[in-house]
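Shown here: data_11.txt, compact mmCIF, C-alpha atoms.
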```
# COMPACT_ATOMS: atom_id res chain seq x y z
CA MET G 275 -18.55 25.34 -12.60
CA GLY G 276 -17.68 24.47 -16.17
CA LEU G 277 -17.29 21.08 -17.71
CA GLY G 278 -14.31 19.68 -19.57
CA LEU G 279 -10.72 19.28 -18.45
CA GLU G 280 -10.42 22.97 -17.62
CA GLY G 281 -13.71 23.12 -15.71
CA SER G 282 -13.70 23.54 -11.96
CA LEU G 283 -16.30 20.79 -11.38
CA TYR G 284 -14.16 18.31 -13.33
CA ARG G 285 -11.07 19.33 -11.37
CA LEU G 286 -12.88 19.09 -8.03
CA LEU G 287 -14.16 15.60 -8.85
CA LEU G 288 -10.71 14.55 -10.07
CA LEU G 289 -9.18 15.83 -6.83
CA LEU G 290 -11.73 13.90 -4.77
CA HIS G 291 -11.22 10.78 -6.91
CA ILE G 292 -7.45 10.86 -6.37
CA LEU G 293 -7.78 11.78 -2.68
CA THR G 294 -10.22 8.96 -1.87
CA ALA G 295 -8.08 6.47 -3.84
CA THR G 296 -4.89 7.53 -2.09
CA VAL G 297 -6.27 7.53 1.44
CA GLY G 298 -8.74 4.62 1.05
CA PHE G 299 -6.51 2.16 -0.76
CA GLY G 300 -3.44 3.44 1.07
CA ALA G 301 -5.06 2.56 4.39
CA VAL G 302 -5.68 -1.07 3.39
CA VAL G 303 -2.76 -1.89 1.12
CA PHE G 304 -0.69 -3.15 4.05
CA ASN G 305 -3.45 -5.15 5.75
CA GLY G 306 -1.70 -8.42 4.99
CA LEU G 307 1.43 -7.14 6.71
CA TYR G 308 -0.56 -5.86 9.71
CA ARG G 309 -2.18 -9.27 10.06
CA ALA G 310 1.18 -11.05 9.90
CA ARG G 311 2.61 -8.77 12.59
CA ALA G 312 -0.47 -9.31 14.77
CA ARG G 313 -0.12 -13.07 14.35
CA GLN G 314 3.49 -12.87 15.54
CA ARG G 315 2.29 -11.22 18.73
CA GLY G 316 -0.38 -13.85 19.34
CA GLY G 317 -2.89 -14.03 22.18
CA GLU G 318 -4.78 -10.98 23.34
CA ASP G 319 -2.33 -8.67 21.54
CA GLU G 320 -3.25 -10.28 18.22
CA ILE G 321 -6.95 -9.84 18.90
CA ALA G 322 -6.48 -6.18 19.88
CA LEU G 323 -4.35 -5.41 16.82
CA LEU G 324 -6.81 -7.12 14.48
CA GLU G 325 -9.70 -5.15 16.01
CA GLU G 326 -7.87 -1.86 15.52
CA ASN G 327 -6.91 -2.74 11.96
CA GLY G 328 -10.53 -3.74 11.27
CA PHE G 329 -11.73 -0.35 12.53
CA ILE G 330 -9.37 1.55 10.19
CA THR G 331 -10.25 -0.76 7.29
CA HIS G 332 -13.95 -0.09 7.84
CA ILE G 333 -13.39 3.66 7.57
CA ALA G 334 -11.14 3.21 4.53
CA GLU G 335 -13.86 1.23 2.76
CA TYR G 336 -16.12 4.28 2.63
CA LEU G 337 -13.33 6.19 0.91
CA ILE G 338 -12.82 3.29 -1.48
CA TYR G 339 -16.53 3.45 -2.40
CA GLY G 340 -16.03 7.16 -3.04
CA VAL G 341 -13.31 6.34 -5.60
CA PHE G 342 -15.93 4.76 -7.85
CA ILE G 343 -18.49 7.52 -7.40
CA PHE G 344 -16.00 10.34 -8.00
CA GLY G 345 -14.47 8.43 -10.92
CA ILE G 346 -17.84 8.28 -12.64
CA GLY G 347 -18.21 12.01 -12.00
CA VAL G 348 -14.79 12.64 -13.56
CA ALA G 349 -15.77 10.75 -16.70
CA LEU G 350 -19.14 12.50 -16.95
CA THR G 351 -17.69 15.99 -16.54
CA SER G 352 -14.73 15.51 -18.88
CA THR G 353 -16.82 16.58 -21.86
CA PRO G 354 -16.86 20.31 -22.51
CA SER G 355 -20.12 21.81 -23.75
CA GLY G 356 -20.63 20.59 -27.30
CA GLY G 357 -17.20 18.91 -27.33
CA VAL G 358 -15.79 15.42 -27.49
CA ALA G 359 -15.53 13.38 -24.29
CA THR G 360 -12.00 12.99 -22.99
CA TRP G 361 -13.00 10.06 -20.81
CA ASP G 362 -15.84 7.94 -22.14
CA PHE G 363 -17.44 4.77 -20.80
CA SER G 364 -16.97 3.12 -24.19
CA GLN G 365 -13.18 3.23 -23.71
CA SER G 366 -12.03 -0.28 -22.85
CA TRP G 367 -9.51 0.79 -20.18
CA LEU G 368 -12.25 2.65 -18.29
CA THR G 369 -14.80 -0.14 -18.57
CA LEU G 370 -12.20 -2.73 -17.54
CA SER G 371 -11.12 -0.56 -14.58
CA MET G 372 -14.71 -0.32 -13.40
CA LEU G 373 -15.25 -4.07 -13.79
CA LEU G 374 -12.05 -4.88 -11.88
CA TYR G 375 -13.08 -2.42 -9.16
CA LEU G 376 -16.41 -4.22 -8.75
CA ILE G 377 -14.61 -7.57 -8.62
CA GLU G 378 -12.29 -6.12 -6.00
CA ILE G 379 -15.23 -4.99 -3.85
CA GLY G 380 -16.79 -8.46 -4.23
CA LEU G 381 -13.50 -10.03 -3.15
CA LEU G 382 -13.34 -7.71 -0.16
CA HIS G 383 -16.82 -8.56 1.09
CA GLY G 384 -17.22 -12.12 -0.19
CA VAL G 385 -13.82 -13.58 0.65
CA ILE G 386 -11.66 -11.33 2.83
CA HIS G 387 -14.18 -10.04 5.37
CA ARG G 388 -15.90 -13.41 5.68
CA ALA G 389 -12.59 -15.16 6.34
CA GLU G 390 -11.51 -12.44 8.77
CA ARG G 391 -14.73 -12.81 10.78
CA GLU G 392 -14.31 -16.60 10.95
CA TYR G 393 -10.63 -16.31 11.85
CA GLU G 394 -11.21 -13.78 14.61
CA ALA G 395 -14.13 -15.71 16.14
CA LEU G 396 -12.06 -18.89 16.18
CA LEU G 397 -9.03 -17.01 17.55
CA VAL G 398 -11.09 -15.77 20.51
CA LYS G 399 -12.22 -19.34 21.20
CA VAL G 400 -8.66 -20.70 20.99
CA ASN G 401 -7.33 -17.96 23.27
CA ALA G 402 -10.12 -18.64 25.77
CA GLY G 403 -9.22 -22.35 25.81
CA VAL G 404 -12.57 -23.44 24.34
CA ASP G 405 -12.78 -26.66 22.30
CA GLY G 406 -10.19 -28.63 24.18
CA GLY G 407 -8.02 -25.88 25.64
CA ALA G 408 -4.38 -26.93 25.47
CA GLY G 409 -5.39 -30.57 25.02
CA GLU G 410 -6.52 -32.61 22.03
CA GLY G 411 -8.83 -30.06 20.39
CA GLN G 412 -6.25 -27.29 20.18
CA PRO G 413 -4.23 -28.56 17.16
CA VAL G 414 -7.44 -28.92 15.15
CA GLU G 415 -8.43 -25.34 15.95
CA VAL G 416 -4.94 -24.06 15.16
CA GLY G 417 -5.11 -25.88 11.82
CA ARG G 418 -8.44 -24.20 11.09
CA LEU G 419 -6.92 -20.83 12.02
CA GLU G 420 -4.11 -21.45 9.54
CA GLN G 421 -6.64 -22.32 6.81
CA TRP G 422 -8.55 -19.08 7.40
CA GLU G 423 -5.28 -17.14 7.52
CA ARG G 424 -4.22 -18.55 4.13
CA ARG G 425 -7.58 -17.52 2.68
CA ILE G 426 -7.18 -14.03 4.11
CA ARG G 427 -3.62 -13.70 2.77
CA PHE G 428 -4.77 -14.85 -0.66
CA GLY G 429 -7.66 -12.36 -0.56
CA TRP G 430 -5.50 -9.37 0.39
CA GLY G 431 -2.84 -10.39 -2.12
CA ALA G 432 -5.42 -10.59 -4.92
CA PHE G 433 -6.94 -7.28 -3.74
CA ASP G 434 -3.53 -5.57 -3.97
CA VAL G 435 -2.81 -7.04 -7.41
CA LEU G 436 -6.19 -5.89 -8.73
CA PHE G 437 -5.51 -2.43 -7.32
CA LEU G 438 -2.18 -2.30 -9.16
CA VAL G 439 -3.82 -3.38 -12.43
CA ILE G 440 -6.50 -0.72 -12.03
CA LEU G 441 -3.86 1.88 -11.21
CA TYR G 442 -1.93 0.88 -14.35
CA LEU G 443 -5.08 1.24 -16.46
CA MET G 444 -5.83 4.65 -14.97
CA VAL G 445 -2.33 6.01 -15.51
CA PHE G 446 -1.51 4.55 -18.92
CA THR G 447 -5.07 4.34 -20.39
CA PRO G 448 -4.03 1.65 -22.92
CA GLY G 449 -5.81 1.95 -26.25
CA HIS G 450 -7.05 5.47 -25.50
CA VAL G 451 -6.59 7.88 -28.38
CA ARG G 452 -6.42 11.50 -27.28
CA VAL G 453 -8.36 13.91 -29.46
CA GLY G 454 -7.06 17.42 -30.13
```
Would it be possible to restate this file's structure as structure tokens?
Amino acid sequence: MGLGLEGSLYRLLLLLHILTATVGFGAVVFNGLYRARARQRGGEDEIALLEENGFITHIAEYLIYGVFIFGIGVALTSTPSGGVATWDFSQSWLTLSMLLYLIEIGLLHGVIHRAEREYEALLVKVNAGVDGGAGEGQPVEVGRLEQWERRIRFGWGAFDVLFLVILYLMVFTPGHVRVG
């Protein structure tokens, strides 16, 4: 399995990098829309749809982690024996892509998932009639649900924008000078 752009190891890692990106990010790119549709349904249907979407998102996350690992492998194997690296970690587009990816993962775990957990726990309580049922406490709980929902929408929106920026960097490699 030779190295460099013509090497089979490089091509295998590139294939896996593209595959995990396509399937992983593709599975979560519409999460904001899924959540909005679930919210329209309301009640137990909303809870069931959010649980199913959460299950798929959890699986997709493992593929998204693979994007980073296979991407590093692509960069490392792009250098033919004794040759010049095609993709090098000193290239600003690659370093920036990796940094944005890590920010995106932080956003996913630090903002989106936290807000989703809070939202779904509160939604179960509201649907069960806890904290006031249909009486005085309900509007307060609904207001809190809306606050969590706004945070979730912001998180998924930012996640999608970061993904598009990373995709742009990967495709256009701004500032990269191709050798030979």
Handout entry: Distance in Å - atom CA of Arg418 of chain G versus atom CA of Ala389 of chain G
Key = 11.0 Å
Handout entry: G:Trp422, G:Phe299, G:Tyr284, G:Phe363 ranked by distance to Leu396 of chain G, top pick (using all atoms listed in the file)
Key = G:Trp422
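Residue nearest Ser352 of chain G within the list G:Val398, G:Leu368, G:Leu337, G:Leu283: G:Leu283 [criterion: smallest interatomic distance, all atoms listed in the file].
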Practice task
Kindly give the distance, in Å, that separates atom CA of Glu423 of chain G and atom CA of Gly328 of chain G, rounded to a single decimal.
Solution key: 14.9 Å
Exercise for the section: Calculate how many Å separate atom CA of Met444 of chain G from atom CA of Trp367 of chain G, rounding to one decimal. Expected result: 7.5 Å
Skipping near chain neighbours, those fewer than 3 positions away, what residues fall within 6 Å of Gly278 of chain G using all atoms listed in the file, listed as a PDB file with C-alpha atoms, in the frame of the given file?
```pdb
ATOM      1  CA  GLY G 281     -13.710  23.120 -15.710  1.00  0.00           C
ATOM      2  CA  THR G 351     -17.690  15.990 -16.540  1.00  0.00           C
ATOM      3  CA  SER G 352     -14.730  15.510 -18.880  1.00  0.00           C
ATOM      4  CA  THR G 353     -16.820  16.580 -21.860  1.00  0.00           C
ATOM      5  CA  PRO G 354     -16.860  20.310 -22.510  1.00  0.00           C
TER       6      PRO G 354
END
```
Please produce, as CSV, a per-residue contact table for segment 360-445 of chain G versus segment 303-316 of chain G (criterion: any atom at most 10 Å away, all atoms listed in the file considered), showing the nearest atom pair and its distance in Å to one decimal, sorted by chain then residue number.
```
residue,atom,partner,partner_atom,distance
G:Glu390,CA,G:Arg309,CA,9.9
G:Leu397,CA,G:Gly316,CA,9.4
G:Asn401,CA,G:Gly316,CA,9.0
G:Glu423,CA,G:Arg309,CA,8.8
G:Ile426,CA,G:Gly306,CA,7.9
G:Arg427,CA,G:Gly306,CA,6.0
G:Phe428,CA,G:Gly306,CA,9.1
G:Gly429,CA,G:Gly306,CA,9.0
G:Trp430,CA,G:Gly306,CA,6.0
G:Gly431,CA,G:Gly306,CA,7.5
G:Phe433,CA,G:Val303,CA,8.4
G:Asp434,CA,G:Val303,CA,6.3
G:Val435,CA,G:Val303,CA,10.0
G:Phe437,CA,G:Val303,CA,8.9
```
Problem - Distance query segment 287-295 of chain G at most 7 Å, only C-alpha atoms, self and fewer than 4 positions along chain excluded, as a ChimeraX atom specification - result: /G:283,299,337-338,340-341,344-345,347-348
Practice task
Determine the nearest neighbour of Glu420 of chain G from the options G:Thr296, G:Glu318, G:Glu392, G:Leu441, counting all atoms listed in the file.
Solution key: G:Glu392
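Closest to Gly357 of chain G among G:Leu279, G:Leu381, G:Arg425, G:Ile440 is G:Leu279, based on only C-alpha atoms.
Candidate residues G:Leu370, G:Ile379, G:Val385, G:Leu324 were compared for distance to Tyr336 of chain G, and the nearest is G:Ile379, using only C-alpha atoms.
Among the candidates G:Ser371, G:Gly298, G:Ala402, G:Val416, the one nearest to Phe446 of chain G when counting only C-alpha atoms is G:Ser371.
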